[in-house]
Each structure stands twice: as C-alpha cells, then as structure tokens.
$ cat data_17.cif   # mmCIF, C-alpha atoms
data_upload
loop_
_atom_site.label_atom_id
_atom_site.label_comp_id
_atom_site.auth_asym_id
_atom_site.auth_seq_id
_atom_site.Cartn_x
_atom_site.Cartn_y
_atom_site.Cartn_z
CA MET A 4 -25.94 225.78 -48.21
CA SER A 5 -26.05 222.00 -47.68
CA SER A 6 -22.75 220.27 -47.13
CA PRO A 7 -21.87 217.08 -49.02
CA GLY A 8 -22.21 215.18 -45.74
CA THR A 9 -25.74 216.49 -45.25
CA ILE A 10 -26.69 215.55 -48.80
CA ALA A 11 -25.32 212.03 -48.31
CA GLU A 12 -27.18 211.66 -45.03
CA SER A 13 -30.36 212.83 -46.70
CA ALA A 14 -29.98 210.26 -49.48
CA LEU A 15 -29.55 207.51 -46.92
CA SER A 16 -32.45 208.65 -44.77
CA GLN A 17 -34.94 208.89 -47.64
CA ILE A 18 -36.85 205.65 -48.01
CA TRP A 19 -38.82 204.76 -51.13
CA ILE A 20 -42.02 202.85 -51.67
CA CYS A 21 -43.13 200.66 -54.57
CA GLU A 22 -46.35 202.29 -55.76
CA PRO A 23 -47.92 199.09 -57.14
CA CYS A 24 -47.43 196.99 -54.04
CA GLY A 25 -46.14 199.07 -51.13
CA MET A 26 -42.80 197.34 -50.66
CA ILE A 27 -40.36 199.64 -48.84
CA TYR A 28 -36.79 200.26 -49.98
CA ASP A 29 -34.64 201.48 -47.09
CA PRO A 30 -31.14 202.60 -48.20
CA VAL A 31 -29.77 201.54 -44.83
CA ASP A 32 -30.72 197.92 -45.58
CA GLY A 33 -30.28 197.99 -49.34
CA ASP A 34 -31.34 194.76 -51.04
CA PRO A 35 -28.44 192.31 -50.77
CA ASP A 36 -30.37 189.53 -52.49
CA GLY A 37 -30.90 191.85 -55.43
CA GLY A 38 -27.23 192.86 -55.56
CA ILE A 39 -27.75 196.17 -53.73
CA PRO A 40 -25.47 196.43 -50.67
CA PRO A 41 -26.65 198.10 -47.45
CA GLY A 42 -26.03 201.82 -47.48
CA THR A 43 -27.00 202.31 -51.13
CA PRO A 44 -29.12 205.41 -51.78
CA PHE A 45 -32.06 204.68 -54.03
CA GLU A 46 -30.64 207.02 -56.65
CA SER A 47 -27.66 204.66 -56.99
CA VAL A 48 -29.76 201.54 -57.51
CA PRO A 49 -29.46 200.33 -61.13
CA ASP A 50 -32.42 201.01 -63.42
CA THR A 51 -32.64 197.27 -64.09
CA TRP A 52 -33.45 196.48 -60.44
CA MET A 53 -36.99 195.37 -59.70
CA CYS A 54 -39.21 194.99 -56.67
CA PRO A 55 -38.82 191.49 -55.21
CA VAL A 56 -42.48 191.36 -54.17
CA CYS A 57 -44.31 192.32 -57.34
CA GLY A 58 -41.71 192.78 -60.08
CA ALA A 59 -42.25 196.51 -60.54
CA ARG A 60 -39.30 198.44 -61.91
CA LYS A 61 -37.20 201.01 -60.13
CA ARG A 62 -39.09 203.86 -61.81
CA ASP A 63 -42.31 202.64 -60.17
CA PHE A 64 -40.94 203.61 -56.75
CA VAL A 65 -41.63 207.01 -55.20
CA PRO A 66 -40.23 208.78 -52.11
CA TYR A 67 -42.06 207.65 -49.00
CA GLU A 68 -43.03 210.28 -46.49
CA ASN A 69 -44.14 208.43 -43.36
CA MET B 2 -27.36 178.61 -72.46
CA ALA B 3 -29.83 178.06 -69.62
CA THR B 4 -33.54 177.62 -70.09
CA LEU B 5 -35.94 178.67 -67.34
CA LEU B 6 -36.19 175.01 -66.35
CA GLU B 7 -32.42 174.58 -66.11
CA LEU B 8 -32.04 177.70 -64.00
CA THR B 9 -34.70 176.42 -61.59
CA SER B 10 -33.07 173.01 -61.29
CA GLN B 11 -29.74 174.66 -60.46
CA GLY B 12 -31.20 176.38 -57.39
CA ASP B 13 -31.09 179.86 -55.89
CA VAL B 14 -29.26 182.67 -57.59
CA ALA B 15 -25.76 183.29 -56.31
CA THR B 16 -26.63 186.72 -54.97
CA ILE B 17 -29.19 185.44 -52.50
CA SER B 18 -27.54 185.48 -49.09
CA ASP B 19 -28.25 183.82 -45.77
CA GLU B 20 -28.77 187.31 -44.38
CA SER B 21 -31.70 187.86 -46.74
CA LYS B 22 -34.39 190.08 -45.33
CA LEU B 23 -36.84 189.23 -48.05
CA ALA B 24 -38.85 186.97 -45.74
CA ASN B 25 -39.30 189.90 -43.33
CA ILE B 26 -40.84 192.29 -45.85
CA GLU B 27 -44.20 193.62 -44.67
CA LEU B 28 -46.74 192.94 -47.39
CA GLN B 29 -49.89 194.84 -48.17
CA ARG B 30 -53.09 193.08 -47.24
CA PRO B 31 -56.15 192.84 -49.53
CA GLN B 32 -57.85 195.87 -47.95
CA GLN B 33 -54.79 198.01 -48.65
CA LEU B 34 -54.50 196.61 -52.16
CA TYR B 35 -58.18 197.38 -52.78
CA GLU B 36 -57.63 201.00 -51.67
CA LEU B 37 -54.56 201.12 -53.91
CA TRP B 38 -56.76 200.00 -56.81
CA GLU B 39 -59.07 202.94 -56.19
CA ARG B 40 -56.10 205.29 -56.45
CA GLN B 41 -54.90 203.82 -59.77
CA PRO B 42 -57.87 204.02 -62.19
CA TRP B 43 -57.48 204.13 -65.96
CA SER B 44 -59.56 203.57 -69.08
CA ALA B 45 -58.68 201.20 -71.91
CA HIS B 46 -60.75 203.27 -74.32
CA ALA B 47 -59.26 206.65 -73.42
CA ILE B 48 -55.69 205.99 -74.53
CA ASP B 49 -54.63 207.84 -77.68
CA LEU B 50 -53.63 205.36 -80.40
CA SER B 51 -53.30 207.79 -83.31
CA GLN B 52 -49.49 207.73 -83.37
CA ASP B 53 -49.45 203.94 -83.05
CA ILE B 54 -51.51 203.64 -86.23
CA GLU B 55 -48.90 205.66 -88.10
CA ASP B 56 -45.95 203.88 -86.48
CA TRP B 57 -47.35 200.47 -87.43
CA LYS B 58 -47.58 201.49 -91.08
CA GLN B 59 -43.83 202.21 -90.98
CA PHE B 60 -42.93 199.13 -88.92
CA PRO B 61 -40.53 196.69 -90.66
CA GLU B 62 -42.51 193.86 -92.18
CA SER B 63 -39.80 191.41 -91.06
CA GLU B 64 -40.51 192.21 -87.42
CA LYS B 65 -44.29 192.47 -87.47
CA GLY B 66 -44.69 188.73 -87.00
CA ASP B 67 -42.67 188.73 -83.77
CA VAL B 68 -44.64 191.65 -82.38
CA ILE B 69 -47.96 190.07 -83.26
CA TRP B 70 -46.86 186.78 -81.66
CA GLY B 71 -45.84 188.46 -78.44
CA LEU B 72 -48.99 190.53 -78.16
CA SER B 73 -51.22 187.64 -79.17
CA SER B 74 -50.01 185.67 -76.17
CA PHE B 75 -51.08 188.55 -73.96
CA PHE B 76 -54.40 189.06 -75.72
CA VAL B 77 -55.40 185.42 -75.37
CA GLY B 78 -53.96 185.28 -71.87
CA GLU B 79 -55.94 188.27 -70.65
CA GLU B 80 -59.18 186.71 -71.86
CA ARG B 81 -58.28 183.43 -70.21
CA VAL B 82 -57.50 184.95 -66.86
CA THR B 83 -60.66 187.07 -66.97
CA THR B 84 -62.82 184.04 -67.64
CA GLN B 85 -61.06 181.71 -65.22
CA PHE B 86 -60.98 184.00 -62.19
CA SER B 87 -64.49 183.60 -60.81
CA GLY B 88 -63.52 180.57 -58.73
CA LEU B 89 -61.02 182.61 -56.73
CA VAL B 90 -63.48 185.44 -56.18
CA MET B 91 -65.89 182.93 -54.65
CA ALA B 92 -63.13 181.53 -52.45
CA TYR B 93 -62.66 184.76 -50.50
CA ASP B 94 -61.85 184.54 -46.82
CA ASP B 95 -63.26 187.90 -45.78
CA GLN B 96 -64.95 190.98 -47.25
CA SER B 97 -61.69 192.83 -47.86
CA GLU B 98 -60.29 189.93 -49.85
CA GLU B 99 -63.53 189.64 -51.80
CA ALA B 100 -63.39 193.35 -52.63
CA PHE B 101 -59.84 193.12 -53.91
CA LEU B 102 -60.45 189.96 -55.90
CA THR B 103 -63.39 191.51 -57.72
CA THR B 104 -61.13 194.41 -58.73
CA GLN B 105 -58.63 191.95 -60.19
CA GLN B 106 -61.26 190.35 -62.38
CA VAL B 107 -62.35 193.81 -63.55
CA ASP B 108 -58.71 194.64 -64.29
CA GLU B 109 -58.30 191.54 -66.46
CA ALA B 110 -61.45 192.41 -68.40
CA ARG B 111 -60.09 195.91 -68.91
CA HIS B 112 -56.83 194.46 -70.22
CA THR B 113 -58.75 192.29 -72.67
CA GLN B 114 -60.65 195.38 -73.83
CA PHE B 115 -57.38 197.22 -74.40
CA PHE B 116 -55.95 194.48 -76.57
CA ALA B 117 -59.21 194.09 -78.50
CA ARG B 118 -59.25 197.79 -79.22
CA TYR B 119 -55.58 197.81 -80.17
CA TYR B 120 -55.93 194.88 -82.53
CA GLU B 121 -58.87 196.52 -84.24
CA GLU B 122 -57.63 200.09 -84.48
CA VAL B 123 -53.88 199.56 -85.03
CA PHE B 124 -53.51 196.06 -86.50
CA SER B 125 -56.88 196.18 -88.35
CA ILE B 126 -57.84 192.79 -86.92
CA GLY B 127 -61.47 193.30 -85.94
CA ASP B 128 -64.93 191.69 -86.31
CA GLY B 129 -65.51 191.52 -82.58
CA ILE B 130 -63.54 190.11 -79.66
CA GLU B 131 -64.60 186.50 -80.20
CA ALA B 132 -63.43 186.57 -83.82
CA GLN B 133 -60.21 188.31 -82.84
CA LEU B 134 -59.42 185.73 -80.19
CA GLU B 135 -60.12 182.86 -82.53
CA ARG B 136 -57.69 184.34 -85.01
CA VAL B 137 -54.86 185.12 -82.58
CA ARG B 138 -55.07 181.73 -80.92
CA ALA B 139 -53.30 180.38 -83.98
CA ASP B 140 -50.23 182.33 -82.85
CA VAL B 141 -49.79 180.78 -79.39
CA ASN B 142 -47.76 177.62 -78.80
CA GLU B 143 -48.61 174.26 -77.24
CA GLY B 144 -47.16 175.16 -73.87
CA PHE B 145 -49.39 178.21 -73.71
CA LEU B 146 -52.49 176.17 -74.53
CA SER B 147 -51.57 173.57 -71.93
CA LEU B 148 -51.07 176.15 -69.20
CA PHE B 149 -54.05 178.38 -69.96
CA ASP B 150 -56.62 175.95 -71.36
CA GLU B 151 -55.88 172.94 -69.18
CA HIS B 152 -54.07 173.76 -65.95
CA LEU B 153 -55.67 177.15 -65.31
CA VAL B 154 -59.12 175.91 -66.27
CA ASN B 155 -58.78 172.84 -64.02
CA ALA B 156 -57.53 174.96 -61.13
CA CYS B 157 -60.51 177.28 -61.50
CA LYS B 158 -62.95 174.38 -61.68
CA GLN B 159 -61.57 172.90 -58.47
CA LEU B 160 -62.19 176.19 -56.69
CA VAL B 161 -65.67 176.60 -58.15
CA ASP B 162 -66.54 173.10 -56.92
CA HIS B 163 -64.79 173.52 -53.56
CA PRO B 164 -64.46 177.21 -52.59
CA ASP B 165 -63.46 176.35 -49.02
CA ASP B 166 -60.66 174.02 -50.10
CA MET B 167 -57.40 175.73 -49.13
CA GLU B 168 -55.31 173.33 -51.19
CA ALA B 169 -57.34 174.21 -54.28
CA LYS B 170 -56.85 177.90 -53.50
CA VAL B 171 -53.08 177.46 -53.14
CA ASP B 172 -53.02 175.57 -56.44
CA PHE B 173 -54.93 178.34 -58.19
CA VAL B 174 -52.94 181.28 -56.82
CA THR B 175 -49.68 179.48 -57.55
CA THR B 176 -50.80 178.83 -61.12
CA TYR B 177 -52.27 182.26 -61.74
CA HIS B 178 -50.36 184.78 -59.64
CA MET B 179 -46.96 183.13 -59.38
CA VAL B 180 -46.49 181.38 -62.72
CA ILE B 181 -48.77 183.13 -65.21
CA GLU B 182 -48.61 186.69 -63.91
CA GLY B 183 -45.54 186.73 -61.69
CA THR B 184 -43.19 184.88 -64.02
CA LEU B 185 -44.48 184.89 -67.60
CA ALA B 186 -46.50 188.10 -67.86
CA LEU B 187 -44.00 190.23 -65.97
CA THR B 188 -41.21 188.94 -68.20
CA GLY B 189 -43.11 189.64 -71.39
CA GLN B 190 -44.18 193.06 -70.17
CA PHE B 191 -40.64 194.05 -69.34
CA PHE B 192 -39.12 193.16 -72.69
CA ILE B 193 -41.97 194.31 -74.92
CA THR B 194 -42.15 197.68 -73.16
CA ASP B 195 -38.37 197.99 -73.33
CA PHE B 196 -38.43 197.22 -77.05
CA PHE B 197 -40.96 199.91 -77.95
CA GLU B 198 -39.50 202.49 -75.57
CA ASN B 199 -36.00 202.04 -76.96
CA ARG B 200 -37.33 202.70 -80.45
CA GLY B 201 -39.55 205.57 -79.35
CA ILE B 202 -42.58 204.14 -81.12
CA MET B 203 -46.12 202.95 -80.35
CA PRO B 204 -46.62 205.41 -77.48
CA GLY B 205 -50.25 204.42 -77.03
CA PHE B 206 -49.36 200.79 -76.57
CA VAL B 207 -46.56 201.69 -74.18
CA ASP B 208 -48.94 203.86 -72.16
CA GLY B 209 -51.60 201.17 -71.98
CA PHE B 210 -49.12 198.37 -71.33
CA LYS B 211 -47.54 200.28 -68.46
CA LYS B 212 -50.98 200.68 -66.91
CA ILE B 213 -51.60 196.98 -67.42
CA SER B 214 -48.25 196.26 -65.77
CA GLN B 215 -49.18 198.46 -62.82
CA ASP B 216 -52.35 196.41 -62.38
CA GLU B 217 -50.39 193.16 -62.68
CA HIS B 218 -47.91 194.23 -60.02
CA ARG B 219 -50.83 194.82 -57.67
CA HIS B 220 -52.19 191.36 -58.49
CA VAL B 221 -48.85 189.69 -57.91
CA ALA B 222 -48.58 191.54 -54.60
CA TYR B 223 -51.87 189.90 -53.55
CA GLY B 224 -50.63 186.49 -54.65
CA THR B 225 -47.42 186.96 -52.70
CA TRP B 226 -49.35 187.99 -49.59
CA PHE B 227 -51.79 185.06 -49.85
CA LEU B 228 -49.10 182.45 -50.40
CA LYS B 229 -46.88 183.84 -47.65
CA GLU B 230 -49.78 183.49 -45.21
CA ALA B 231 -50.86 180.09 -46.52
CA CYS B 232 -47.36 178.63 -46.63
CA LYS B 233 -46.86 179.14 -42.91
CA ASP B 234 -48.49 175.69 -42.99
CA PRO B 235 -45.68 173.34 -44.11
CA ALA B 236 -48.15 171.08 -45.89
CA LEU B 237 -49.38 173.97 -48.03
CA ALA B 238 -45.80 175.10 -48.65
CA SER B 239 -45.08 171.63 -50.02
CA ARG B 240 -48.26 171.83 -52.04
CA MET B 241 -47.12 175.09 -53.62
CA GLN B 242 -43.71 173.65 -54.44
CA ALA B 243 -45.33 170.60 -56.03
CA LYS B 244 -47.52 172.82 -58.19
CA LEU B 245 -44.50 174.84 -59.28
CA ALA B 246 -42.60 171.66 -60.11
CA GLU B 247 -45.55 170.60 -62.24
CA LEU B 248 -45.98 173.90 -64.08
CA LEU B 249 -42.46 175.28 -64.56
CA PRO B 250 -41.51 172.78 -67.31
CA ILE B 251 -44.61 173.94 -69.20
CA ALA B 252 -44.09 177.63 -68.42
CA ALA B 253 -40.53 177.37 -69.70
CA THR B 254 -41.88 176.63 -73.17
CA VAL B 255 -44.45 179.45 -73.17
CA LEU B 256 -41.69 182.04 -73.50
CA VAL B 257 -40.32 180.32 -76.61
CA PRO B 258 -41.34 181.90 -79.93
CA LYS B 259 -43.44 179.72 -82.15
CA GLY B 260 -41.23 177.54 -84.29
CA ALA B 261 -38.13 177.93 -82.15
CA ASP B 262 -36.46 175.04 -80.35
CA PRO B 263 -37.49 175.21 -76.66
CA PHE B 264 -34.13 173.74 -75.64
CA GLY B 265 -32.05 175.79 -78.00
CA GLU B 266 -31.10 179.43 -78.27
CA TRP B 267 -33.53 181.87 -79.76
CA THR B 268 -33.97 185.59 -80.16
CA LEU B 269 -37.15 187.62 -80.06
CA LEU B 270 -37.25 191.34 -80.83
CA GLY B 271 -33.50 191.43 -80.32
CA TYR B 272 -33.53 189.84 -76.85
CA ASP B 273 -31.75 186.53 -76.52
CA SER B 274 -33.24 183.58 -74.70
CA ALA B 275 -30.62 183.63 -71.94
CA LYS B 276 -31.56 187.17 -70.96
CA VAL B 277 -35.28 186.47 -71.07
CA ASN B 278 -34.99 183.26 -69.07
CA GLU B 279 -32.76 184.84 -66.46
CA PHE B 280 -35.25 187.65 -65.94
CA ALA B 281 -38.10 185.18 -65.51
CA PHE B 282 -36.12 183.05 -63.10
CA THR B 283 -35.01 186.01 -60.99
CA ALA B 284 -38.55 187.34 -60.77
CA LEU B 285 -39.82 183.98 -59.53
CA SER B 286 -36.98 183.00 -57.22
CA ARG B 287 -36.83 186.32 -55.37
CA ARG B 288 -40.56 186.25 -54.82
CA LEU B 289 -40.33 182.75 -53.41
CA ARG B 290 -37.85 184.08 -50.88
CA VAL B 291 -40.36 186.73 -49.86
CA ILE B 292 -42.99 184.01 -49.47
CA GLY B 293 -40.56 181.88 -47.48
CA VAL B 294 -40.62 178.86 -49.77
CA GLY B 295 -37.66 177.36 -51.55
CA LEU B 296 -37.39 176.54 -55.22
CA PRO B 297 -39.06 173.26 -56.14
CA GLU B 298 -37.13 170.20 -57.20
CA VAL B 299 -37.45 170.01 -60.94
CA ALA B 300 -35.72 167.66 -63.28
CA PRO B 301 -33.49 169.43 -65.78
CA ALA B 302 -34.48 169.03 -69.40
#

$ encode --input "data_17.cif" --output "structure tokens"
Amino acid sequence: MSSPGTIAESALSQIWICEPCGMIYDPVDGDPDGGIPPGTPFESVPDTWMCPVCGARKRDFVPYEN
Amino acid sequence: MATLLELTSQGDVATISDESKLANIELQRPQQLYELWERQPWSAHAIDLSQDIEDWKQFPESEKGDVIWGLSSFFVGEERVTTQFSGLVMAYDDQSEEAFLTTQQVDEARHTQFFARYYEEVFSIGDGIEAQLERVRADVNEGFLSLFDEHLVNACKQLVDHPDDMEAKVDFVTTYHMVIEGTLALTGQFFITDFFENRGIMPGFVDGFKKISQDEHRHVAYGTWFLKEACKDPALASRMQAKLAELLPIAATVLVPKGADPFGEWTLLGYDSAKVNEFAFTALSRRLRVIGVGLPEVAPA
C-alpha cells in the first residue's frame, strides 16, 4: 500500500505536457509567473490556469512519459 | 475598470517575477508542430449538430443577438485569415516550416467550413458561404474591419511582394499569431466555450469550437517559436514591439460588443469587460515573456 509520502512524491515527479504545443509543466518548478509556486502538483493547479506559450487550458495537458 | 489598452500601458502583471523561467521554455519547432498536426485530425462536416438545432430553438431570444455577434466575428475572421495567409506560406525558411504553414492555412479553411455549416444548419443562415459572409459582416465593428481588412491585408501584401523580408514576416506573425489569434481569438474562444459548457447546451458547437481552439493553440505555438527566434535580433524585437503598439489600441476595440462604449463597462453573455480584458492581457503578456520581449509603450486611452 502506498504511503502518503510516496503519493506526494509521485505527484511532484509527474510532469505534464500541453498537447497543443508541447510546453512542459514540471511541478518542481511550478509556474511562478502564472501564480503557481514551485512544488505544486499539477492536480493542484487551478482550472483557470492556461499555458503561457499557446493559451491552452489546464485540461489540455496530459501526463508526460519521457 | 481597465480596458485592454489601459492594462498594457500599466505594464507587466504583478505576478511576473524576476525569477521567471518563461524565457527558458523549450518550444516546439515547425517540424514537431507539423507532426502534431498529423496526430490531431478532425472533420468540420462530421460533427453532430442535431442537438444544437433543438437547443437553438429554445434559446432565449434576448440573448441570440449576443451569440450571433460573437460567432460572426469568428466566422468573418476565419475567412479573413484563410485568405490572407498565403504570403506567410511563401515566406517559409525551410521545408519543415513550409509544411507546417500549409497545415495552418488548411486549418483556417476548415474552421471557415465549420462556421458556414453551423450558420446554415443551426441558425438557418445559408445561400452559400459568400452570401453568409456578406450578411454576418454587418455584425462586426469598426475595429474588427480595421484589423482584418486593412492591417492584416497590408501585412499579407508586404509578404507576397517581399517573401524574403524578415521585417515583413515579423509584422505579419505579430499581427496574425500574436494579436489576432493569440490575444483576440483565444479570449473569445475561452468565454464562448465557457458560456455554452456552463449551460450544457450546443454540444456540437462546443465540440467543434474545442477542436478549432486546439488548432489555434498549435498556430500560436508556431508564432511564439518564430518570434522568439526572430527577436534574438534587437532590431526585430523593437519592430515587433512597434507593431504591437500600433495594433493593440485597435485590438482593444474588437472585443467590445457592437454598440457598447469601448472605454466604458460592458457585459457580453454574462461576462464583464474587466474579466474579458484581463484574460486577453494575461494571454498576451505571458507569451511576450516567453518570447523575451517586453510590453510595448502604448499611450493610455
């Protein structure tokens, strides 16, 4: 069974990619200019947030498996 | 209350920090964007509009005018950008860029087809695309006509006449990808989609408009990449800022519903002008940070 610490680490290690343009969201970096502090898992990003490159919405991002 | 022009003249949003990493974002190149296009196909004539036809019959008459106005701006705009894109296609720098640019022109034609079909099947405004466009042009305002019929047309003509002119290319991409698509279209798409989704109506339009938005995001991504590369040259960066300073006062009026005071408060489909303008400004200013160019100096209204 996963511990809460493992779940939190997983959320911070999972990066997301904007499907329309390829911009990467890394939870470690967050998006300070967009009001998202470093260390913010993508799941905690507000639904109103948008990609700074192309304007796509949060729901247009998908988990990125490099 | 701040208009788009006033927000721009005030400068960067408070949240943008000196530690911004926006300028370090790795952007997709045209070859990657072309391959992305191949993975995101859709058909304007395959979307089911049957529920939309029923929903429109039940739509409040008092709100139909606002919806028609908003969609008319997109319908006319899509035709304009389809027609006025050939100059940029001819101004390609390599085969990958040419491939991507041809897909963008196809996308815009597809968007025009979607709106033509929607106007005919849902709004019962038909008689062919030319007749439809002539009719809906009566709905757009003076700022729209200035931006799409004068500035965009002139920018295209410059590129057609001088496809190797980098300044002309910067002017065009700034006009098209940054102002028209990246500021105005993205703003309209966000609020119109939000409006219909919140009401749970017009699912066919929402489906098609989301696919249009996906295409537009890909286009804006190209524009961001091109301008980031071009603006490594300080002279071209200044050129881009000058073009923005020229166009933003006009673009600020395009968002204003017909008949409303461009310097006053207004509401469209329940969204107030402050919210709409702030969205547009944020979309533009954050992208400029990615490109590495500051906001232009514009005189407040």

$ closest_residue --input "data_17.cif" --among "B:Phe206, B:Ala100, B:Ala186, B:Ala169" --to "Glu122 of chain B" --atoms "all atoms listed in the file"
B:Phe206

$ closest_residue --input "data_17.cif" --among "A:Pro30, A:Pro49, A:Gly25, A:Pro40" --to "chain B" --atoms "only C-alpha atoms"
A:Gly25

$ closest_atom_pairs --input "data_17.cif" --of "chain A" --to "chain B" --cutoff "6 Å" --atoms "all atoms listed in the file" --output "JSON lines"
{"residue": "A:Pro23", "atom": "CA", "partner": "B:Arg219", "partner_atom": "CA", "distance": 5.2}
{"residue": "A:Cys24", "atom": "CA", "partner": "B:Arg219", "partner_atom": "CA", "distance": 5.4}
{"residue": "A:Asp36", "atom": "CA", "partner": "B:Ile17", "partner_atom": "CA", "distance": 4.3}
{"residue": "A:Pro55", "atom": "CA", "partner": "B:Arg288", "partner_atom": "CA", "distance": 5.5}
{"residue": "A:Val56", "atom": "CA", "partner": "B:Arg288", "partner_atom": "CA", "distance": 5.5}
{"residue": "A:Cys57", "atom": "CA", "partner": "B:His218", "partner_atom": "CA", "distance": 4.9}

$ resolve_selection --input "data_17.cif" --expression "the PyMOL selection byres ((chain B and resi 125-135) around 10)" --output "list in words"
Ile54, Ser73, Phe76, Val77, Gly78, Glu80, Thr113, Gln114, Phe116, Ala117, Arg118, Tyr119, Tyr120, Glu121, Glu122, Val123, Phe124, Arg136, Val137, Arg138, Ala139 and Asp140 of chain B

$ residues_around --input "data_17.cif" --residues "segment 17-21 of chain A" --least-positions-apart "6" --cutoff "12 Å" --atoms "all atoms listed in the file" --output "ChimeraX atom specification"
/A:10-11,27-33,42-46,48,53-69 /B:27-29,37,215,218-219,222

$ write_last_selection --input "data_17.cif" --atoms "C-alpha atoms" --output "mmCIF file, keeping the file's coordinate frame"
data_model
loop_
_atom_site.group_PDB
_atom_site.id
_atom_site.type_symbol
_atom_site.label_atom_id
_atom_site.label_comp_id
_atom_site.auth_asym_id
_atom_site.auth_seq_id
_atom_site.Cartn_x
_atom_site.Cartn_y
_atom_site.Cartn_z
ATOM 1 C CA ILE A 10 -26.690 215.550 -48.800
ATOM 2 C CA ALA A 11 -25.320 212.030 -48.310
ATOM 3 C CA ILE A 27 -40.360 199.640 -48.840
ATOM 4 C CA TYR A 28 -36.790 200.260 -49.980
ATOM 5 C CA ASP A 29 -34.640 201.480 -47.090
ATOM 6 C CA PRO A 30 -31.140 202.600 -48.200
ATOM 7 C CA VAL A 31 -29.770 201.540 -44.830
ATOM 8 C CA ASP A 32 -30.720 197.920 -45.580
ATOM 9 C CA GLY A 33 -30.280 197.990 -49.340
ATOM 10 C CA GLY A 42 -26.030 201.820 -47.480
ATOM 11 C CA THR A 43 -27.000 202.310 -51.130
ATOM 12 C CA PRO A 44 -29.120 205.410 -51.780
ATOM 13 C CA PHE A 45 -32.060 204.680 -54.030
ATOM 14 C CA GLU A 46 -30.640 207.020 -56.650
ATOM 15 C CA VAL A 48 -29.760 201.540 -57.510
ATOM 16 C CA MET A 53 -36.990 195.370 -59.700
ATOM 17 C CA CYS A 54 -39.210 194.990 -56.670
ATOM 18 C CA PRO A 55 -38.820 191.490 -55.210
ATOM 19 C CA VAL A 56 -42.480 191.360 -54.170
ATOM 20 C CA CYS A 57 -44.310 192.320 -57.340
ATOM 21 C CA GLY A 58 -41.710 192.780 -60.080
ATOM 22 C CA ALA A 59 -42.250 196.510 -60.540
ATOM 23 C CA ARG A 60 -39.300 198.440 -61.910
ATOM 24 C CA LYS A 61 -37.200 201.010 -60.130
ATOM 25 C CA ARG A 62 -39.090 203.860 -61.810
ATOM 26 C CA ASP A 63 -42.310 202.640 -60.170
ATOM 27 C CA PHE A 64 -40.940 203.610 -56.750
ATOM 28 C CA VAL A 65 -41.630 207.010 -55.200
ATOM 29 C CA PRO A 66 -40.230 208.780 -52.110
ATOM 30 C CA TYR A 67 -42.060 207.650 -49.000
ATOM 31 C CA GLU A 68 -43.030 210.280 -46.490
ATOM 32 C CA ASN A 69 -44.140 208.430 -43.360
ATOM 33 C CA GLU B 27 -44.200 193.620 -44.670
ATOM 34 C CA LEU B 28 -46.740 192.940 -47.390
ATOM 35 C CA GLN B 29 -49.890 194.840 -48.170
ATOM 36 C CA LEU B 37 -54.560 201.120 -53.910
ATOM 37 C CA GLN B 215 -49.180 198.460 -62.820
ATOM 38 C CA HIS B 218 -47.910 194.230 -60.020
ATOM 39 C CA ARG B 219 -50.830 194.820 -57.670
ATOM 40 C CA ALA B 222 -48.580 191.540 -54.600
#

$ closest_residue --input "data_17.cif" --among "B:Glu247, B:Glu109, B:Asp95, B:Glu7" --to "Gln32 of chain B" --atoms "only C-alpha atoms"
B:Asp95

$ atom_distance --input "data_17.cif" --atom1 "atom CA of Trp70 of chain B" --atom2 "atom CA of Val299 of chain B"
28.3 Å

$ closest_residue --input "data_17.cif" --among "B:Leu296, B:Ile69, B:Ala110, B:Leu102" --to "Ala243 of chain B" --atoms "only C-alpha atoms"
B:Leu296

$ residues_around --input "data_17.cif" --residues "segment 231-235 of chain B" --least-positions-apart "6" --cutoff "9 Å" --atoms "only C-alpha atoms" --output "list of chain:residue names"
B:Met167, B:Val171, B:Met241, B:Ile292, B:Gly293, B:Val294

$ residues_around --input "data_17.cif" --residues "Gly271 of chain B" --least-positions-apart "4" --cutoff "12 Å" --atoms "all atoms listed in the file" --output "number ranges by chain"
B: 64, 67-68, 192-193, 195-197, 199-200, 267, 275-277

$ atom_distance --input "data_17.cif" --atom1 "atom CA of Gly88 of chain B" --atom2 "atom CA of Leu160 of chain B"
5.0 Å

$ closest_residue --input "data_17.cif" --among "B:Tyr177, B:Asp56, B:Phe280, B:Asp150" --to "Gln105 of chain B" --atoms "all atoms listed in the file"
B:Tyr177

$ atom_distance --input "data_17.cif" --atom1 "atom CA of Tyr35 of chain B" --atom2 "atom CA of Thr103 of chain B"
9.3 Å

$ resolve_selection --input "data_17.cif" --expression "the PyMOL selection byres ((chain B and resi 249-252) around 8)" --output "number ranges by chain"
B: 5-6, 144-145, 147-148, 180-181, 185, 245-248, 253-256

$ axis_aligned_box --input "data_17.cif" --around "segment 72-86 of chain B" --padding-each-side "6 Å" --output "AutoDock Vina command-line options"
--center_x -55.9 --center_y 186.1 --center_z -70.7 --size_x 25.8 --size_y 20.8 --size_z 29.0

$ build_atoms --input "data_17.cif" --residues "segment 29-40 of chain B" --atoms "N, CA and C atoms" --output "CSV table (one decimal), keeping the file's coordinate frame"
chain,number,residue,atom,x,y,z
B,29,GLN,N,-48.6,194.2,-48.2
B,29,GLN,CA,-49.9,194.8,-48.2
B,29,GLN,C,-51.0,193.8,-48.2
B,30,ARG,N,-52.0,194.0,-47.3
B,30,ARG,CA,-53.1,193.1,-47.2
B,30,ARG,C,-54.2,193.4,-48.3
B,31,PRO,N,-55.1,192.6,-48.5
B,31,PRO,CA,-56.2,192.8,-49.5
B,31,PRO,C,-56.9,194.2,-49.4
B,32,GLN,N,-57.2,194.6,-48.1
B,32,GLN,CA,-57.8,195.9,-48.0
B,32,GLN,C,-57.0,197.0,-48.5
B,33,GLN,N,-55.7,197.0,-48.2
B,33,GLN,CA,-54.8,198.0,-48.6
B,33,GLN,C,-54.6,198.0,-50.2
B,34,LEU,N,-54.6,196.8,-50.7
B,34,LEU,CA,-54.5,196.6,-52.2
B,34,LEU,C,-55.8,197.1,-52.9
B,35,TYR,N,-56.9,196.9,-52.2
B,35,TYR,CA,-58.2,197.4,-52.8
B,35,TYR,C,-58.1,198.9,-52.8
B,36,GLU,N,-57.7,199.5,-51.7
B,36,GLU,CA,-57.6,201.0,-51.7
B,36,GLU,C,-56.6,201.5,-52.7
B,37,LEU,N,-55.5,200.8,-52.9
B,37,LEU,CA,-54.6,201.1,-53.9
B,37,LEU,C,-55.2,201.1,-55.3
B,38,TRP,N,-56.0,200.1,-55.5
B,38,TRP,CA,-56.8,200.0,-56.8
B,38,TRP,C,-57.6,201.2,-57.1
B,39,GLU,N,-58.2,201.7,-56.0
B,39,GLU,CA,-59.1,202.9,-56.2
B,39,GLU,C,-58.2,204.1,-56.6
B,40,ARG,N,-57.0,204.1,-56.2
B,40,ARG,CA,-56.1,205.3,-56.4
B,40,ARG,C,-55.4,205.2,-57.8
